[in-house]
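Raw coords-v9.cif, mmCIF, C-alpha atoms; chains and numbers go by the auth columns:
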```
data_run
loop_
_atom_site.group_PDB
_atom_site.id
_atom_site.type_symbol
_atom_site.label_atom_id
_atom_site.label_comp_id
_atom_site.label_asym_id
_atom_site.label_seq_id
_atom_site.Cartn_x
_atom_site.Cartn_y
_atom_site.Cartn_z
_atom_site.B_iso_or_equiv
_atom_site.auth_seq_id
_atom_site.auth_asym_id
ATOM 1 C CA MET A 1 101.703 117.675 88.664 0.00 1 A
ATOM 2 C CA VAL A 2 102.696 114.826 86.354 0.00 2 A
ATOM 3 C CA GLU A 3 101.210 115.310 82.911 0.00 3 A
ATOM 4 C CA PRO A 4 99.695 112.202 81.279 0.00 4 A
ATOM 5 C CA LEU A 5 101.659 110.740 78.380 0.00 5 A
ATOM 6 C CA CYS A 6 98.587 109.275 76.740 0.00 6 A
ATOM 7 C CA GLU A 7 94.827 109.290 76.814 0.00 7 A
ATOM 8 C CA VAL A 8 93.082 106.049 77.721 0.00 8 A
ATOM 9 C CA ALA A 9 89.320 106.082 77.314 0.00 9 A
ATOM 10 C CA VAL A 10 88.109 103.759 80.057 0.00 10 A
ATOM 11 C CA PRO A 11 84.429 103.142 80.837 0.00 11 A
ATOM 12 C CA GLU A 12 83.310 101.656 84.144 0.00 12 A
ATOM 13 C CA ARG A 13 85.756 98.799 84.563 0.00 13 A
ATOM 14 C CA PRO A 14 84.344 95.303 85.014 0.00 14 A
ATOM 15 C CA GLU A 15 84.974 93.417 88.231 0.00 15 A
ATOM 16 C CA GLY A 16 88.444 91.918 88.293 0.00 16 A
ATOM 17 C CA GLU A 17 90.003 94.484 85.928 0.00 17 A
ATOM 18 C CA TYR A 18 93.520 95.239 87.197 0.00 18 A
ATOM 19 C CA ASN A 19 94.582 98.444 85.424 0.00 19 A
ATOM 20 C CA TYR A 20 91.240 100.105 86.109 0.00 20 A
ATOM 21 C CA GLY A 21 90.269 103.658 85.222 0.00 21 A
ATOM 22 C CA ARG A 22 87.727 104.203 88.023 0.00 22 A
ATOM 23 C CA PHE A 23 88.131 103.186 91.673 0.00 23 A
ATOM 24 C CA HIS A 24 85.564 100.660 92.887 0.00 24 A
ATOM 25 C CA LEU A 25 85.632 98.112 95.707 0.00 25 A
ATOM 26 C CA SER A 26 84.869 95.281 93.281 0.00 26 A
ATOM 27 C CA HIS A 27 88.458 95.523 91.994 0.00 27 A
ATOM 28 C CA PHE A 28 89.855 94.142 95.258 0.00 28 A
ATOM 29 C CA ARG A 29 89.799 90.789 97.022 0.00 29 A
ATOM 30 C CA TRP A 30 90.553 90.936 100.713 0.00 30 A
ATOM 31 C CA ASP A 31 88.465 88.426 102.639 0.00 31 A
ATOM 32 C CA PRO A 32 90.453 86.275 102.599 0.00 32 A
ATOM 33 C CA MET A 33 93.396 88.053 101.032 0.00 33 A
ATOM 34 C CA PRO A 34 94.749 85.955 98.131 0.00 34 A
ATOM 35 C CA GLY A 35 98.411 85.352 97.350 0.00 35 A
ATOM 36 C CA VAL A 36 101.212 83.891 99.453 0.00 36 A
ATOM 37 C CA ARG A 37 100.271 83.408 103.097 0.00 37 A
ATOM 38 C CA PRO A 38 102.172 83.691 106.387 0.00 38 A
ATOM 39 C CA GLY A 39 104.531 80.763 106.821 0.00 39 A
ATOM 40 C CA GLU A 40 104.787 80.062 103.077 0.00 40 A
ATOM 41 C CA VAL A 41 107.992 80.478 101.088 0.00 41 A
ATOM 42 C CA VAL A 42 107.772 82.840 98.112 0.00 42 A
ATOM 43 C CA GLY A 43 108.962 81.278 94.876 0.00 43 A
ATOM 44 C CA ASP A 44 111.632 83.103 92.916 0.00 44 A
ATOM 45 C CA PHE A 45 110.419 85.831 90.568 0.00 45 A
ATOM 46 C CA SER A 46 111.829 88.762 88.621 0.00 46 A
ATOM 47 C CA VAL A 47 110.587 92.342 88.433 0.00 47 A
ATOM 48 C CA ARG A 48 111.983 95.371 86.659 0.00 48 A
ATOM 49 C CA ARG A 49 113.748 98.262 88.336 0.00 49 A
ATOM 50 C CA LEU A 50 113.264 101.900 87.396 0.00 50 A
ATOM 51 C CA ASP A 51 116.292 101.735 85.090 0.00 51 A
ATOM 52 C CA GLY A 52 114.761 98.815 83.170 0.00 52 A
ATOM 53 C CA GLY A 53 117.073 96.201 84.672 0.00 53 A
ATOM 54 C CA GLU A 54 115.668 93.222 86.535 0.00 54 A
ATOM 55 C CA LEU A 55 115.810 92.177 90.163 0.00 55 A
ATOM 56 C CA ARG A 56 115.306 88.538 91.103 0.00 56 A
ATOM 57 C CA LEU A 57 114.161 87.682 94.606 0.00 57 A
ATOM 58 C CA SER A 58 116.891 85.022 94.762 0.00 58 A
ATOM 59 C CA GLU A 59 119.497 87.800 94.551 0.00 59 A
ATOM 60 C CA LEU A 60 118.448 88.817 98.069 0.00 60 A
ATOM 61 C CA ALA A 61 118.832 85.331 99.567 0.00 61 A
ATOM 62 C CA GLY A 62 119.923 85.540 103.195 0.00 62 A
ATOM 63 C CA ARG A 63 118.524 89.052 103.705 0.00 63 A
ATOM 64 C CA PRO A 64 115.134 89.866 105.228 0.00 64 A
ATOM 65 C CA VAL A 65 112.887 91.862 102.890 0.00 65 A
ATOM 66 C CA VAL A 66 110.116 94.400 103.471 0.00 66 A
ATOM 67 C CA LEU A 67 108.057 94.733 100.293 0.00 67 A
ATOM 68 C CA GLU A 68 105.451 97.517 100.252 0.00 68 A
ATOM 69 C CA ALA A 69 102.987 98.159 97.427 0.00 69 A
ATOM 70 C CA GLY A 70 102.264 101.742 96.405 0.00 70 A
ATOM 71 C CA SER A 71 101.402 104.190 93.648 0.00 71 A
ATOM 72 C CA PHE A 72 101.375 107.911 92.860 0.00 72 A
ATOM 73 C CA THR A 73 97.678 108.191 93.734 0.00 73 A
ATOM 74 C CA CYS A 74 97.664 106.125 96.965 0.00 74 A
ATOM 75 C CA PRO A 75 97.221 108.281 100.125 0.00 75 A
ATOM 76 C CA GLN A 76 98.025 105.370 102.473 0.00 76 A
ATOM 77 C CA PHE A 77 101.393 104.833 100.808 0.00 77 A
ATOM 78 C CA VAL A 78 102.307 108.520 100.793 0.00 78 A
ATOM 79 C CA ALA A 79 101.384 108.909 104.459 0.00 79 A
ATOM 80 C CA ASN A 80 103.879 106.205 105.460 0.00 80 A
ATOM 81 C CA VAL A 81 106.922 107.164 103.373 0.00 81 A
ATOM 82 C CA ARG A 82 108.784 109.100 106.075 0.00 82 A
ATOM 83 C CA ARG A 83 108.304 106.422 108.725 0.00 83 A
ATOM 84 C CA MET A 84 109.309 103.612 106.397 0.00 84 A
ATOM 85 C CA GLU A 85 112.395 105.583 105.377 0.00 85 A
ATOM 86 C CA GLU A 86 113.385 105.941 109.050 0.00 86 A
ATOM 87 C CA MET A 87 112.809 102.228 109.590 0.00 87 A
ATOM 88 C CA ALA A 88 115.105 101.377 106.683 0.00 88 A
ATOM 89 C CA GLU A 89 117.862 103.322 108.451 0.00 89 A
ATOM 90 C CA GLN A 90 117.185 101.520 111.746 0.00 90 A
ATOM 91 C CA TYR A 91 117.334 98.079 110.100 0.00 91 A
ATOM 92 C CA PRO A 92 120.232 98.174 107.613 0.00 92 A
ATOM 93 C CA GLU A 93 120.271 94.368 107.423 0.00 93 A
ATOM 94 C CA VAL A 94 116.803 94.465 105.823 0.00 94 A
ATOM 95 C CA GLU A 95 116.146 95.147 102.122 0.00 95 A
ATOM 96 C CA PHE A 96 113.301 97.678 101.795 0.00 96 A
ATOM 97 C CA LEU A 97 111.526 97.533 98.430 0.00 97 A
ATOM 98 C CA VAL A 98 108.592 99.425 96.910 0.00 98 A
ATOM 99 C CA LEU A 99 106.495 97.587 94.328 0.00 99 A
ATOM 100 C CA TYR A 100 104.783 100.086 92.022 0.00 100 A
ATOM 101 C CA THR A 101 101.324 98.736 91.228 0.00 101 A
ATOM 102 C CA ARG A 102 98.222 100.099 89.485 0.00 102 A
ATOM 103 C CA GLU A 103 97.008 103.592 90.324 0.00 103 A
ATOM 104 C CA ALA A 104 94.924 103.258 93.482 0.00 104 A
ATOM 105 C CA HIS A 105 92.768 106.316 92.699 0.00 105 A
ATOM 106 C CA PRO A 106 93.012 107.223 89.002 0.00 106 A
ATOM 107 C CA GLY A 107 91.191 110.155 87.497 0.00 107 A
ATOM 108 C CA GLU A 108 91.287 112.664 84.663 0.00 108 A
ATOM 109 C CA ARG A 109 94.802 113.896 85.532 0.00 109 A
ATOM 110 C CA VAL A 110 96.572 110.609 86.192 0.00 110 A
ATOM 111 C CA GLY A 111 94.616 107.650 84.907 0.00 111 A
ATOM 112 C CA PRO A 112 95.307 103.980 84.197 0.00 112 A
ATOM 113 C CA HIS A 113 98.735 103.137 82.828 0.00 113 A
ATOM 114 C CA CYS A 114 98.939 102.998 79.048 0.00 114 A
ATOM 115 C CA GLY A 115 102.262 101.146 78.908 0.00 115 A
ATOM 116 C CA TRP A 116 105.177 100.036 81.053 0.00 116 A
ATOM 117 C CA ASP A 117 107.148 103.204 80.269 0.00 117 A
ATOM 118 C CA ASP A 118 104.215 105.310 81.480 0.00 118 A
ATOM 119 C CA LYS A 119 104.090 103.251 84.660 0.00 119 A
ATOM 120 C CA ARG A 120 107.850 103.571 85.162 0.00 120 A
ATOM 121 C CA ARG A 121 107.639 107.341 84.690 0.00 121 A
ATOM 122 C CA LEU A 122 105.008 107.652 87.416 0.00 122 A
ATOM 123 C CA ALA A 123 107.031 105.426 89.730 0.00 123 A
ATOM 124 C CA ALA A 124 110.070 107.663 89.203 0.00 124 A
ATOM 125 C CA ALA A 125 107.922 110.751 89.833 0.00 125 A
ATOM 126 C CA LEU A 126 106.619 109.261 93.075 0.00 126 A
ATOM 127 C CA GLN A 127 110.103 108.461 94.332 0.00 127 A
ATOM 128 C CA THR A 128 111.320 111.967 93.434 0.00 128 A
ATOM 129 C CA VAL A 129 108.334 113.875 94.847 0.00 129 A
ATOM 130 C CA GLU A 130 108.437 111.942 98.131 0.00 130 A
ATOM 131 C CA GLY A 131 112.246 111.870 98.352 0.00 131 A
ATOM 132 C CA ASP A 132 112.076 108.136 99.029 0.00 132 A
ATOM 133 C CA PRO A 133 115.494 106.372 99.024 0.00 133 A
ATOM 134 C CA ARG A 134 114.085 102.832 98.927 0.00 134 A
ATOM 135 C CA THR A 135 114.512 100.649 95.843 0.00 135 A
ATOM 136 C CA TYR A 136 111.517 101.028 93.502 0.00 136 A
ATOM 137 C CA LEU A 137 110.363 98.106 91.380 0.00 137 A
ATOM 138 C CA VAL A 138 107.817 98.476 88.563 0.00 138 A
ATOM 139 C CA ASP A 139 105.331 95.671 88.113 0.00 139 A
ATOM 140 C CA ASP A 140 103.872 94.501 84.781 0.00 140 A
ATOM 141 C CA LEU A 141 100.715 96.187 83.499 0.00 141 A
ATOM 142 C CA ASP A 142 98.675 93.168 84.570 0.00 142 A
ATOM 143 C CA GLY A 143 100.093 93.209 88.116 0.00 143 A
ATOM 144 C CA ARG A 144 101.850 89.839 87.952 0.00 144 A
ATOM 145 C CA VAL A 145 103.907 90.352 91.121 0.00 145 A
ATOM 146 C CA ASN A 146 101.217 92.356 92.902 0.00 146 A
ATOM 147 C CA HIS A 147 98.845 89.406 92.418 0.00 147 A
ATOM 148 C CA LEU A 148 101.448 87.065 93.904 0.00 148 A
ATOM 149 C CA PHE A 149 101.404 89.288 96.984 0.00 149 A
ATOM 150 C CA GLY A 150 97.630 89.641 97.269 0.00 150 A
ATOM 151 C CA GLY A 151 96.854 92.441 94.800 0.00 151 A
ATOM 152 C CA MET A 152 96.116 95.182 97.352 0.00 152 A
ATOM 153 C CA PRO A 153 97.209 98.792 96.673 0.00 153 A
ATOM 154 C CA ASN A 154 99.223 99.302 99.894 0.00 154 A
ATOM 155 C CA SER A 155 99.901 95.828 101.231 0.00 155 A
ATOM 156 C CA VAL A 156 103.150 95.053 103.024 0.00 156 A
ATOM 157 C CA PHE A 157 105.034 91.760 103.302 0.00 157 A
ATOM 158 C CA VAL A 158 107.959 90.929 105.571 0.00 158 A
ATOM 159 C CA LEU A 159 110.082 87.985 104.419 0.00 159 A
ATOM 160 C CA ASP A 160 112.907 86.329 106.293 0.00 160 A
ATOM 161 C CA GLY A 161 116.238 85.411 104.691 0.00 161 A
ATOM 162 C CA SER A 162 114.769 82.233 103.208 0.00 162 A
ATOM 163 C CA ALA A 163 111.890 84.174 101.544 0.00 163 A
ATOM 164 C CA ARG A 164 109.355 82.829 104.047 0.00 164 A
ATOM 165 C CA VAL A 165 106.447 85.183 104.766 0.00 165 A
ATOM 166 C CA VAL A 166 106.739 86.251 108.397 0.00 166 A
ATOM 167 C CA TYR A 167 104.093 88.947 108.186 0.00 167 A
ATOM 168 C CA ARG A 168 101.625 90.265 105.646 0.00 168 A
ATOM 169 C CA ALA A 169 99.035 93.019 105.963 0.00 169 A
ATOM 170 C CA LEU A 170 96.325 94.409 103.716 0.00 170 A
ATOM 171 C CA PHE A 171 97.621 97.918 104.454 0.00 171 A
ATOM 172 C CA THR A 172 100.926 99.194 105.768 0.00 172 A
ATOM 173 C CA TRP A 173 101.040 100.338 109.374 0.00 173 A
ATOM 174 C CA PRO A 174 104.695 101.136 110.167 0.00 174 A
ATOM 175 C CA PRO A 175 104.517 100.547 113.959 0.00 175 A
ATOM 176 C CA ARG A 176 103.465 96.935 113.417 0.00 176 A
ATOM 177 C CA VAL A 177 106.082 96.389 110.693 0.00 177 A
ATOM 178 C CA GLU A 178 108.724 97.653 113.118 0.00 178 A
ATOM 179 C CA GLU A 179 107.461 95.308 115.829 0.00 179 A
ATOM 180 C CA VAL A 180 107.808 92.363 113.433 0.00 180 A
ATOM 181 C CA LEU A 181 111.358 93.363 112.490 0.00 181 A
ATOM 182 C CA ALA A 182 112.273 93.659 116.174 0.00 182 A
ATOM 183 C CA GLU A 183 110.786 90.207 116.809 0.00 183 A
ATOM 184 C CA MET A 184 112.828 88.810 113.917 0.00 184 A
ATOM 185 C CA ARG A 185 116.006 90.256 115.424 0.00 185 A
ATOM 186 C CA ALA A 186 115.104 88.689 118.750 0.00 186 A
ATOM 187 C CA GLY A 187 114.171 85.358 117.183 0.00 187 A
ATOM 188 C CA THR A 188 110.590 85.476 118.503 0.00 188 A
ATOM 189 C CA ALA A 189 108.657 86.275 115.305 0.00 189 A
ATOM 190 C CA VAL A 190 105.873 83.919 114.236 0.00 190 A
ATOM 191 C CA PRO A 191 104.047 84.037 110.872 0.00 191 A
ATOM 192 C CA SER A 192 101.040 86.336 111.153 0.00 192 A
ATOM 193 C CA ASP A 193 98.439 88.307 109.215 0.00 193 A
ATOM 194 C CA GLY A 194 97.671 91.981 109.680 0.00 194 A
ATOM 195 C CA TYR A 195 95.216 94.648 108.657 0.00 195 A
ATOM 196 C CA GLY A 196 97.053 97.858 109.456 0.00 196 A
ATOM 197 C CA PHE A 197 94.692 100.520 108.125 0.00 197 A
ATOM 198 C CA VAL A 198 94.910 103.939 109.785 0.00 198 A
ATOM 199 C CA PRO A 199 93.116 106.756 107.890 0.00 199 A
ATOM 200 C CA ALA A 200 95.649 109.057 106.226 0.00 200 A
ATOM 201 C CA LEU A 201 93.320 112.029 106.604 0.00 201 A
ATOM 202 C CA ARG A 202 95.943 114.713 106.014 0.00 202 A
ATOM 203 C CA HIS A 203 96.971 113.106 102.729 0.00 203 A
ATOM 204 C CA PHE A 204 93.587 112.107 101.322 0.00 204 A
ATOM 205 C CA LEU A 205 92.641 115.204 99.310 0.00 205 A
ATOM 206 C CA PRO A 206 96.144 116.211 98.078 0.00 206 A
ATOM 207 C CA VAL A 207 96.919 112.697 96.850 0.00 207 A
ATOM 208 C CA PHE A 208 93.442 112.075 95.402 0.00 208 A
ATOM 209 C CA LEU A 209 93.862 115.275 93.407 0.00 209 A
ATOM 210 C CA ARG A 210 96.964 113.838 91.798 0.00 210 A
ATOM 211 C CA GLY A 211 94.444 111.645 90.012 0.00 211 A
ATOM 212 C CA GLY A 212 91.897 114.437 89.718 0.00 212 A
ATOM 213 C CA TRP A 213 88.448 115.371 90.976 0.00 213 A
ATOM 214 C CA GLN A 214 87.092 112.188 89.417 0.00 214 A
ATOM 215 C CA ALA A 215 89.243 110.254 91.895 0.00 215 A
ATOM 216 C CA VAL A 216 87.718 112.242 94.767 0.00 216 A
ATOM 217 C CA TRP A 217 84.186 111.542 93.544 0.00 217 A
ATOM 218 C CA ASP A 218 84.829 107.821 93.063 0.00 218 A
ATOM 219 C CA PHE A 219 86.181 107.539 96.604 0.00 219 A
ATOM 220 C CA LEU A 220 83.200 109.373 98.082 0.00 220 A
ATOM 221 C CA ARG A 221 80.838 107.150 96.126 0.00 221 A
ATOM 222 C CA ALA A 222 82.546 104.039 97.534 0.00 222 A
ATOM 223 C CA MET A 223 82.783 105.376 101.097 0.00 223 A
ATOM 224 C CA PRO A 224 79.784 103.486 102.617 0.00 224 A
ATOM 225 C CA GLY A 225 81.115 100.130 101.446 0.00 225 A
ATOM 226 C CA THR A 226 84.655 101.083 102.456 0.00 226 A
ATOM 227 C CA ALA A 227 83.483 101.975 105.966 0.00 227 A
ATOM 228 C CA ARG A 228 81.678 98.634 106.329 0.00 228 A
ATOM 229 C CA PHE A 229 84.790 96.782 105.234 0.00 229 A
ATOM 230 C CA HIS A 230 87.052 98.553 107.724 0.00 230 A
ATOM 231 C CA LEU A 231 84.647 97.998 110.614 0.00 231 A
ATOM 232 C CA ARG A 232 84.520 94.282 109.824 0.00 232 A
ATOM 233 C CA MET A 233 88.285 94.039 109.478 0.00 233 A
ATOM 234 C CA LYS A 234 88.803 95.517 112.950 0.00 234 A
ATOM 235 C CA SER A 235 87.145 92.402 114.361 0.00 235 A
ATOM 236 C CA VAL A 236 89.096 90.090 112.064 0.00 236 A
ATOM 237 C CA GLN A 237 92.337 91.786 113.096 0.00 237 A
ATOM 238 C CA ARG A 238 91.679 90.979 116.755 0.00 238 A
ATOM 239 C CA GLN A 239 91.266 87.307 115.819 0.00 239 A
ATOM 240 C CA TRP A 240 94.567 87.365 113.921 0.00 240 A
ATOM 241 C CA ARG A 241 96.379 88.903 116.890 0.00 241 A
ATOM 242 C CA ARG A 242 94.984 86.324 119.293 0.00 242 A
ATOM 243 C CA ALA A 243 96.034 83.509 116.944 0.00 243 A
ATOM 244 C CA ALA A 244 99.565 84.931 116.625 0.00 244 A
ATOM 245 C CA ALA A 245 99.871 85.373 120.395 0.00 245 A
ATOM 246 C CA ALA A 246 98.747 81.793 120.967 0.00 246 A
ATOM 247 C CA LEU A 247 101.261 80.503 118.423 0.00 247 A
ATOM 248 C CA ARG A 248 104.048 82.591 119.934 0.00 248 A
ATOM 249 C CA GLY A 249 103.207 81.298 123.401 0.00 249 A
ATOM 250 C CA GLY A 250 103.187 77.719 122.161 0.00 250 A
ATOM 251 C CA GLU A 251 106.585 78.066 120.508 0.00 251 A
ATOM 252 C CA LEU A 252 108.104 79.674 123.600 0.00 252 A
ATOM 253 C CA ALA A 253 106.687 76.867 125.754 0.00 253 A
ATOM 254 C CA ALA A 254 108.205 74.276 123.377 0.00 254 A
ATOM 255 C CA ASP A 255 111.607 75.961 123.732 0.00 255 A
#
```

Can I see the file as structure tokens?
Amino acid sequence: MVEPLCEVAVPERPEGEYNYGRFHLSHFRWDPMPGVRPGEVVGDFSVRRLDGGELRLSELAGRPVVLEAGSFTCPQFVANVRRMEEMAEQYPEVEFLVLYTREAHPGERVGPHCGWDDKRRLAAALQTVEGDPRTYLVDDLDGRVNHLFGGMPNSVFVLDGSARVVYRALFTWPPRVEEVLAEMRAGTAVPSDGYGFVPALRHFLPVFLRGGWQAVWDFLRAMPGTARFHLRMKSVQRQWRRAAAALRGGELAAD
């Protein structure tokens, strides 16, 4: 277990607080998801690496990019590490990046970040514990880059070589990401939205307990609202898929 470097006394966080100390649905915006949208080109930005150096998006010009958000206390991220690692091996022409965001489920063991060094330390611990070879990037305390990409705790974005958003999803579902990469190789990809949530049941309790029992309680307290959200998003996801299929069919007909 990673020991906290500092103590941050955090009451119930107000709506909109980024580096929150207690998980609550009011901290997220997802309908519609803000940030850059499918078909838009992402403007150049810089973000720090684990070693403190900076990476600029423009340095990756010409290469497709898969950018996944994650944190030490995010079960959805942890559940997908192995599959995303395998995908990175299958698509060597693609740059796979992890953007370390706020703690998805903070608690009394691992709480909100008290400084960039604290955040970097947790990002390094996550990469080591999970044995993840992808490049880890550490966002600012206020989530500057995470906000650019929608602000969700386990979103995923696929960019083409010109930094255009080909696919974005509120949560990472590796099979769909792989489909998009295959479509990009084949030249048939069209900009699309995704939802991607599949319950990471096996990882829920172990990863919540990285935050602590408070993280477990906060999740249980939010469960009714979370369930309503996921049921609604299932319907929205079907609409997105129909729209993408129609667009793909129209482009193929134009060819």

Closest of A:Ser155, A:Gly52, A:Arg83, A:Gly62 to A:Leu99 - atom-to-atom distances counting all atoms listed in the file
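Under the stated criterion, the closest residue is A:Ser155.
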
A:Arg48: which residues within 12 Å, counting only C-alpha atoms, same-chain residues fewer than 3 positions away excluded, as a count of residues only?
26

Nearest to A:Gly70 among A:Gly196, A:Pro34, A:Gly151, A:Gly115, with distances taken over only C-alpha atoms: which residue is it?
A:Gly151

Output check: residues returned by the PyMOL selection byres ((chain A and resi 37) around 10), as a PyMOL selection string:
chain A and resi 33-36+38-42+148-150+157+164-168+191-193

In terms of the shortest atom-to-atom distance over all atoms listed in the file, which of A:Ala227, A:Leu60, A:Ala124, A:Val47 is closest to A:Leu159?
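When distances to A:Leu159 are compared using all atoms listed in the file, the smallest one comes from A:Leu60.
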
Atom CA of A:Met233 and atom CA of A:Glu183, how far apart in Å?
24.0 Å

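You will find atom CA of A:Pro64 at 7.9 Å from atom CA of A:Ser162.
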
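Computed from the coordinates, the atom CA of A:Ala200 to atom CA of A:Gln76 distance equals 5.8 Å.
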
Residue members of the PyMOL selection byres ((chain A and resi 216) around 10) in the file shown, as number ranges by chain:
A: 23, 105-107, 204-215, 217-221

Written file, previous selection with C-alpha atoms, as a compact mmCIF listing (two decimals), in the frame of the given file:
```txt
# COMPACT_ATOMS: atom_id res chain seq x y z
CA PHE A 23 88.13 103.19 91.67
CA HIS A 105 92.77 106.32 92.70
CA PRO A 106 93.01 107.22 89.00
CA GLY A 107 91.19 110.16 87.50
CA PHE A 204 93.59 112.11 101.32
CA LEU A 205 92.64 115.20 99.31
CA PRO A 206 96.14 116.21 98.08
CA VAL A 207 96.92 112.70 96.85
CA PHE A 208 93.44 112.08 95.40
CA LEU A 209 93.86 115.28 93.41
CA ARG A 210 96.96 113.84 91.80
CA GLY A 211 94.44 111.64 90.01
CA GLY A 212 91.90 114.44 89.72
CA TRP A 213 88.45 115.37 90.98
CA GLN A 214 87.09 112.19 89.42
CA ALA A 215 89.24 110.25 91.90
CA TRP A 217 84.19 111.54 93.54
CA ASP A 218 84.83 107.82 93.06
CA PHE A 219 86.18 107.54 96.60
CA LEU A 220 83.20 109.37 98.08
CA ARG A 221 80.84 107.15 96.13
```

As a check of understanding, name the residues that the PyMOL selection byres ((chain A and resi 133) around 12) selects in the supplied structure, as a ChimeraX atom specification.
/A:81-82,84-89,95-98,124,126-132,134-136

Model the absent atoms of stretch 187-203 of chain A so that N, CA and C atoms are present, and write the result as a compact mmCIF listing (two decimals), in the frame of the given file.
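Written file, selection_21.txt:
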```
# COMPACT_ATOMS: atom_id res chain seq x y z
N GLY A 187 114.45 86.76 117.41
CA GLY A 187 114.17 85.36 117.18
C GLY A 187 112.84 84.90 117.73
N THR A 188 111.90 85.83 117.93
CA THR A 188 110.59 85.48 118.50
C THR A 188 109.44 85.67 117.52
N ALA A 189 109.72 86.02 116.28
CA ALA A 189 108.66 86.28 115.30
C ALA A 189 107.97 84.98 114.89
N VAL A 190 106.66 85.04 114.76
CA VAL A 190 105.87 83.92 114.24
C VAL A 190 105.07 84.43 113.05
N PRO A 191 104.81 83.59 112.05
CA PRO A 191 104.05 84.04 110.87
C PRO A 191 102.67 84.57 111.28
N SER A 192 102.31 85.73 110.77
CA SER A 192 101.04 86.34 111.15
C SER A 192 100.48 87.21 110.04
N ASP A 193 99.16 87.40 110.10
CA ASP A 193 98.44 88.31 109.22
C ASP A 193 98.24 89.64 109.91
N GLY A 194 97.96 90.68 109.12
CA GLY A 194 97.67 91.98 109.68
C GLY A 194 96.70 92.74 108.80
N TYR A 195 96.19 93.79 109.35
CA TYR A 195 95.22 94.65 108.66
C TYR A 195 95.84 96.02 108.44
N GLY A 196 96.17 96.71 109.51
CA GLY A 196 97.05 97.86 109.46
C GLY A 196 96.49 99.18 108.98
N PHE A 197 95.20 99.27 108.70
CA PHE A 197 94.69 100.52 108.12
C PHE A 197 94.51 101.59 109.20
N VAL A 198 95.13 102.74 108.98
CA VAL A 198 94.91 103.94 109.78
C VAL A 198 94.63 105.07 108.80
N PRO A 199 93.47 105.73 108.89
CA PRO A 199 93.12 106.76 107.89
C PRO A 199 94.19 107.83 107.74
N ALA A 200 94.64 108.04 106.52
CA ALA A 200 95.65 109.06 106.23
C ALA A 200 94.93 110.36 105.88
N LEU A 201 94.21 110.90 106.87
CA LEU A 201 93.32 112.03 106.60
C LEU A 201 94.03 113.23 106.00
N ARG A 202 95.22 113.53 106.49
CA ARG A 202 95.94 114.71 106.01
C ARG A 202 96.35 114.58 104.55
N HIS A 203 96.48 113.34 104.09
CA HIS A 203 96.97 113.11 102.73
C HIS A 203 95.86 112.80 101.73
```
